[in-house]
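**Student:** Before anything else, here's the structure in question.
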Amino acid sequence: MRGDDPGGRPDAPCLLTVTDLSFAYGESSAPVLTEVALTLRAGEALGILGRNGAGKSTLINAILDIVPGRRGGRVVLGDANDGNAADTGAARRHVGVAGQRISLYKKLTVAENLTHAARLVLPRRDVAAAVGRAVEDFGLARVARTPVHRLSGGWERLSHIAASFVHAPRIRFLDEPTSALDFETRSRLVVLMSRWREAGDAMIVTSHYPEDIEEMCTHVAVVSGGAVVGVGPLRDLLGGYHSELLVRVDAPAGPVTLRAPAPKTAAEAAEAFAAWARDPDHGRSGIESVRLTSRNLREIISMDPDLRGSVVENE
Ligand SMILES: Nc1ncnc2c1ncn2[C@@H]1O[C@H](COP(=O)(O)OP(=O)(O)OP(=O)(O)O)[C@@H](O)[C@H]1O
């Protein structure tokens, strides 16, 4: 199956079109990617899931033509059918890549690294404002004057992502962005990503963690055996299965968690609460917390026959 259109936001302008992209490392090597097709629209974040070595990083490198090995196919910024569509190489200003490997100068400070990265892409007059915005957005003020070699792994990763996107590109590639991030810095990144999506930017994100994809992305593509074997809007994937309503109550015999299928309407929610209130075991107990959960994406993938073979059985 080819991922011709992740769907979901058919009216939003198309920012990236990939058609029939194949890739091999070396002339006589077997292809790592075969005839991959994808589109990315404004406001979308496409999560790439796949086991180690499936080809996630290669897909990013091949789209961007960073390493030699493309064996045909076409990648354009915009709609492939639009005469104004530009080659990705010709439009670096609009693309940013936060690769898996940190690419910062260790002896320079964070601010100096941001300045250097901005100078590579932006006109000189825009550099200071871009650096100031990156420091603010990524919460880097307290490490801005610190040389990179003295940073912790998490701050280094965050500074790397900030430097990669200092020119505020419209299409952002993030390869394993959450490695080494603690809860707080990861949450900051999640918030930033949703802000970028709201502003109409688009993203391609790779991760080993379905939880990352679930939280950060609007769409998901599963890469396996060199092909995109499943692609679609995340909410369709999640929406087909029940989420749960979890209510923690302080019952006389000790705290209890009550579960019900996630209500789709206020009336269904009211019915769930009324049913629990009628129960003599915890009817008059105080409610400690109410939470809605969706099933973990990994669990959902394992339930979907189209995706099961591609991810779960390979792990
Ligand atoms: N520079 C290279 N030269 C030759 N083969 C490579 C090179 N880089 C990657 N490969 C091979 O290409 C395949 C895909 O690797 P890739 O790094 O894209 O996978 P990945 O899904 O990103 O893996 P991971 O989750 O471990 O980062 C693997 O078989 C890998 O060994």
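Every chain in the structure tokens has a letter given in the order shown (A, B, ...), and although residue numbers restart at 1 in each chain, ligands are simply numbered from 1 in the order shown.
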From region 103-200 of chain A, collect each residue whose DSSP state is strand (DSSP E or B) and return the set as a compact mmCIF listing (two decimals) with N, CA and C atoms, in the first residue's frame.
**Tutor:**
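In the end it all went to selection-v3.txt:
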# COMPACT_ATOMS: atom_id res chain seq x y z
N THR A 109 28.73 28.92 22.65
CA THR A 109 27.56 28.94 23.53
C THR A 109 26.30 28.63 22.72
N PRO A 147 28.50 27.29 27.15
CA PRO A 147 29.06 26.51 26.03
C PRO A 147 28.36 25.15 25.94
N ILE A 171 8.16 23.88 6.90
CA ILE A 171 8.15 22.42 6.97
C ILE A 171 9.29 21.99 7.88
N ARG A 172 8.94 21.26 8.93
CA ARG A 172 9.95 20.90 9.93
C ARG A 172 10.06 19.38 10.03
N PHE A 173 11.29 18.90 9.95
CA PHE A 173 11.56 17.47 10.10
C PHE A 173 12.19 17.25 11.46
N LEU A 174 11.63 16.33 12.24
CA LEU A 174 12.18 16.05 13.57
C LEU A 174 12.44 14.55 13.68
N ASP A 175 13.72 14.17 13.75
CA ASP A 175 14.09 12.76 13.81
C ASP A 175 14.40 12.41 15.26
**Student:** Hey, which residues come within 12 Å of ligand 1 if we count only C-alpha atoms and all ligand atoms? Could you give them as a VMD selection string?
**Tutor:** chain A and resid 23 to 33 48 to 63 66 to 69 99 to 101 174 to 177 179 205 to 209 222 to 228 311 315
**Student:** Dump N, CA and C atoms for the selected residues as a short mmCIF file (atom, residue, chain, number, x, y, z; two decimals), in the first residue's frame?
**Tutor:**
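Listing of again-v9.cif after writing:
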data_model
loop_
_atom_site.label_atom_id
_atom_site.label_comp_id
_atom_site.auth_asym_id
_atom_site.auth_seq_id
_atom_site.Cartn_x
_atom_site.Cartn_y
_atom_site.Cartn_z
N PHE A 23 15.15 4.63 -2.82
CA PHE A 23 16.47 5.03 -2.32
C PHE A 23 17.30 3.79 -2.00
N ALA A 24 18.59 3.83 -2.35
CA ALA A 24 19.52 2.75 -1.97
C ALA A 24 20.86 3.37 -1.59
N TYR A 25 21.51 2.81 -0.55
CA TYR A 25 22.86 3.26 -0.19
C TYR A 25 23.85 2.50 -1.08
N GLY A 26 24.40 3.13 -2.07
CA GLY A 26 25.38 2.46 -2.94
C GLY A 26 24.74 1.83 -4.15
N GLU A 27 25.51 1.81 -5.26
CA GLU A 27 25.01 1.36 -6.56
C GLU A 27 24.38 -0.03 -6.53
N SER A 28 25.10 -0.97 -5.88
CA SER A 28 24.64 -2.37 -5.98
C SER A 28 23.85 -2.81 -4.74
N SER A 29 23.57 -1.87 -3.82
CA SER A 29 22.85 -2.26 -2.59
C SER A 29 21.35 -2.40 -2.86
N ALA A 30 20.71 -3.21 -2.02
CA ALA A 30 19.26 -3.37 -2.11
C ALA A 30 18.60 -2.05 -1.69
N PRO A 31 17.46 -1.72 -2.31
CA PRO A 31 16.81 -0.46 -1.94
C PRO A 31 16.33 -0.48 -0.49
N VAL A 32 16.52 0.66 0.19
CA VAL A 32 15.99 0.81 1.56
C VAL A 32 14.56 1.33 1.49
N LEU A 33 14.26 2.13 0.45
CA LEU A 33 12.90 2.64 0.25
C LEU A 33 12.45 2.31 -1.17
N ILE A 48 6.19 9.17 11.69
CA ILE A 48 6.68 7.96 11.02
C ILE A 48 7.05 6.95 12.09
N LEU A 49 6.34 5.84 12.08
CA LEU A 49 6.60 4.76 13.05
C LEU A 49 7.27 3.60 12.33
N GLY A 50 8.14 2.90 13.01
CA GLY A 50 8.75 1.71 12.42
C GLY A 50 9.84 1.20 13.34
N ARG A 51 10.17 -0.08 13.20
CA ARG A 51 11.19 -0.67 14.08
C ARG A 51 12.57 -0.12 13.73
N ASN A 52 13.59 -0.43 14.54
CA ASN A 52 14.97 -0.03 14.25
C ASN A 52 15.35 -0.51 12.87
N GLY A 53 15.93 0.38 12.08
CA GLY A 53 16.41 -0.01 10.76
C GLY A 53 15.32 -0.09 9.69
N ALA A 54 14.09 0.30 10.03
CA ALA A 54 13.00 0.21 9.05
C ALA A 54 13.19 1.20 7.91
N GLY A 55 13.90 2.29 8.18
CA GLY A 55 14.13 3.28 7.12
C GLY A 55 13.56 4.65 7.42
N LYS A 56 13.28 4.93 8.70
CA LYS A 56 12.66 6.22 9.06
C LYS A 56 13.61 7.39 8.77
N SER A 57 14.85 7.27 9.27
CA SER A 57 15.81 8.36 9.03
C SER A 57 16.14 8.46 7.55
N THR A 58 16.24 7.31 6.90
CA THR A 58 16.54 7.31 5.46
C THR A 58 15.44 8.04 4.70
N LEU A 59 14.19 7.87 5.12
CA LEU A 59 13.08 8.55 4.44
C LEU A 59 13.27 10.07 4.53
N ILE A 60 13.64 10.56 5.70
CA ILE A 60 13.87 12.01 5.86
C ILE A 60 15.05 12.43 4.97
N ASN A 61 16.15 11.68 5.03
CA ASN A 61 17.34 12.03 4.23
C ASN A 61 17.04 11.99 2.73
N ALA A 62 16.22 11.01 2.33
CA ALA A 62 15.91 10.87 0.91
C ALA A 62 15.00 12.00 0.44
N ILE A 63 14.02 12.36 1.27
CA ILE A 63 13.13 13.46 0.90
C ILE A 63 13.95 14.73 0.71
N ILE A 66 19.71 14.68 1.24
CA ILE A 66 20.89 15.03 2.02
C ILE A 66 22.03 14.07 1.72
N VAL A 67 21.69 12.79 1.53
CA VAL A 67 22.73 11.80 1.21
C VAL A 67 22.45 11.23 -0.18
N PRO A 68 23.51 10.93 -0.96
CA PRO A 68 23.27 10.41 -2.30
C PRO A 68 22.63 9.03 -2.23
N GLY A 69 21.74 8.73 -3.17
CA GLY A 69 21.13 7.40 -3.18
C GLY A 69 19.71 7.38 -3.72
N GLY A 99 17.95 16.77 12.98
CA GLY A 99 18.35 15.37 12.77
C GLY A 99 18.53 14.62 14.08
N GLN A 100 18.72 13.30 13.93
CA GLN A 100 18.89 12.45 15.12
C GLN A 100 20.20 12.79 15.85
N ARG A 101 21.25 13.08 15.07
CA ARG A 101 22.54 13.43 15.68
C ARG A 101 22.60 14.92 15.96
N LEU A 174 11.63 16.33 12.24
CA LEU A 174 12.18 16.05 13.57
C LEU A 174 12.44 14.55 13.68
N ASP A 175 13.72 14.17 13.75
CA ASP A 175 14.09 12.76 13.81
C ASP A 175 14.40 12.41 15.26
N GLU A 176 13.56 11.60 15.85
CA GLU A 176 13.70 11.20 17.27
C GLU A 176 13.85 12.43 18.18
N PRO A 177 12.91 13.36 18.15
CA PRO A 177 13.12 14.62 18.89
C PRO A 177 13.09 14.48 20.39
N SER A 179 14.51 12.14 22.32
CA SER A 179 15.64 11.47 22.99
C SER A 179 16.25 12.40 24.02
N VAL A 205 7.71 13.67 11.72
CA VAL A 205 8.33 13.32 13.00
C VAL A 205 8.60 11.82 13.03
N THR A 206 9.82 11.41 13.36
CA THR A 206 10.04 9.98 13.57
C THR A 206 10.19 9.73 15.07
N SER A 207 9.73 8.58 15.48
CA SER A 207 9.91 8.21 16.88
C SER A 207 9.74 6.71 17.04
N HIS A 208 10.39 6.19 18.07
CA HIS A 208 10.17 4.78 18.43
C HIS A 208 8.95 4.66 19.33
N TYR A 209 8.48 5.80 19.83
CA TYR A 209 7.46 5.74 20.87
C TYR A 209 6.09 6.12 20.31
N VAL A 222 3.27 4.14 8.83
CA VAL A 222 4.09 3.04 9.33
C VAL A 222 5.03 2.59 8.22
N VAL A 223 6.34 2.63 8.51
CA VAL A 223 7.34 2.22 7.51
C VAL A 223 7.81 0.81 7.85
N SER A 224 7.78 -0.05 6.86
CA SER A 224 8.23 -1.43 7.07
C SER A 224 8.69 -2.00 5.74
N GLY A 225 9.83 -2.68 5.76
CA GLY A 225 10.34 -3.31 4.54
C GLY A 225 10.53 -2.34 3.40
N GLY A 226 10.90 -1.09 3.71
CA GLY A 226 11.19 -0.11 2.68
C GLY A 226 9.97 0.57 2.09
N ALA A 227 8.79 0.25 2.61
CA ALA A 227 7.58 0.86 2.05
C ALA A 227 6.76 1.50 3.16
N VAL A 228 5.94 2.46 2.79
CA VAL A 228 4.96 3.00 3.73
C VAL A 228 3.77 2.06 3.69
N VAL A 311 4.36 -3.80 12.30
CA VAL A 311 5.07 -3.27 13.45
C VAL A 311 5.24 -4.31 14.54
N GLU A 315 8.75 -6.70 16.03
CA GLU A 315 9.50 -6.24 17.19
C GLU A 315 9.99 -7.40 18.05
#
**Student:** Using only C-alpha atoms, which protein or nucleic acid residues come within 8 Å of His94 (chain A)? Drop anything in the same chain fewer than 5 positions from it, and give the result as a PDB file with C-alpha atoms, in the first residue's frame.
**Tutor:**
ATOM      1  CA  ALA A 168      11.053  29.493  11.427  1.00  0.00           C
ATOM      2  CA  PRO A 169      10.645  27.150   8.440  1.00  0.00           C
ATOM      3  CA  ARG A 170       7.200  26.105   7.218  1.00  0.00           C
ATOM      4  CA  ILE A 171       8.146  22.416   6.967  1.00  0.00           C
TER       5      ILE A 171
END
**Student:** Do you have the CA of Ala111 (chain A)-CA of Ala144 (chain A) distance handy?
**Tutor:** 4.9 Å
**Student:** Pick out the residues sitting within 7 Å of Gly47 (chain A), and hand them over as a PyMOL selection string; count only C-alpha atoms, and ignore anything fewer than 2 positions along from it in its own chain.
**Tutor:** chain A and resi 45+49+204-206+213+217+219-221
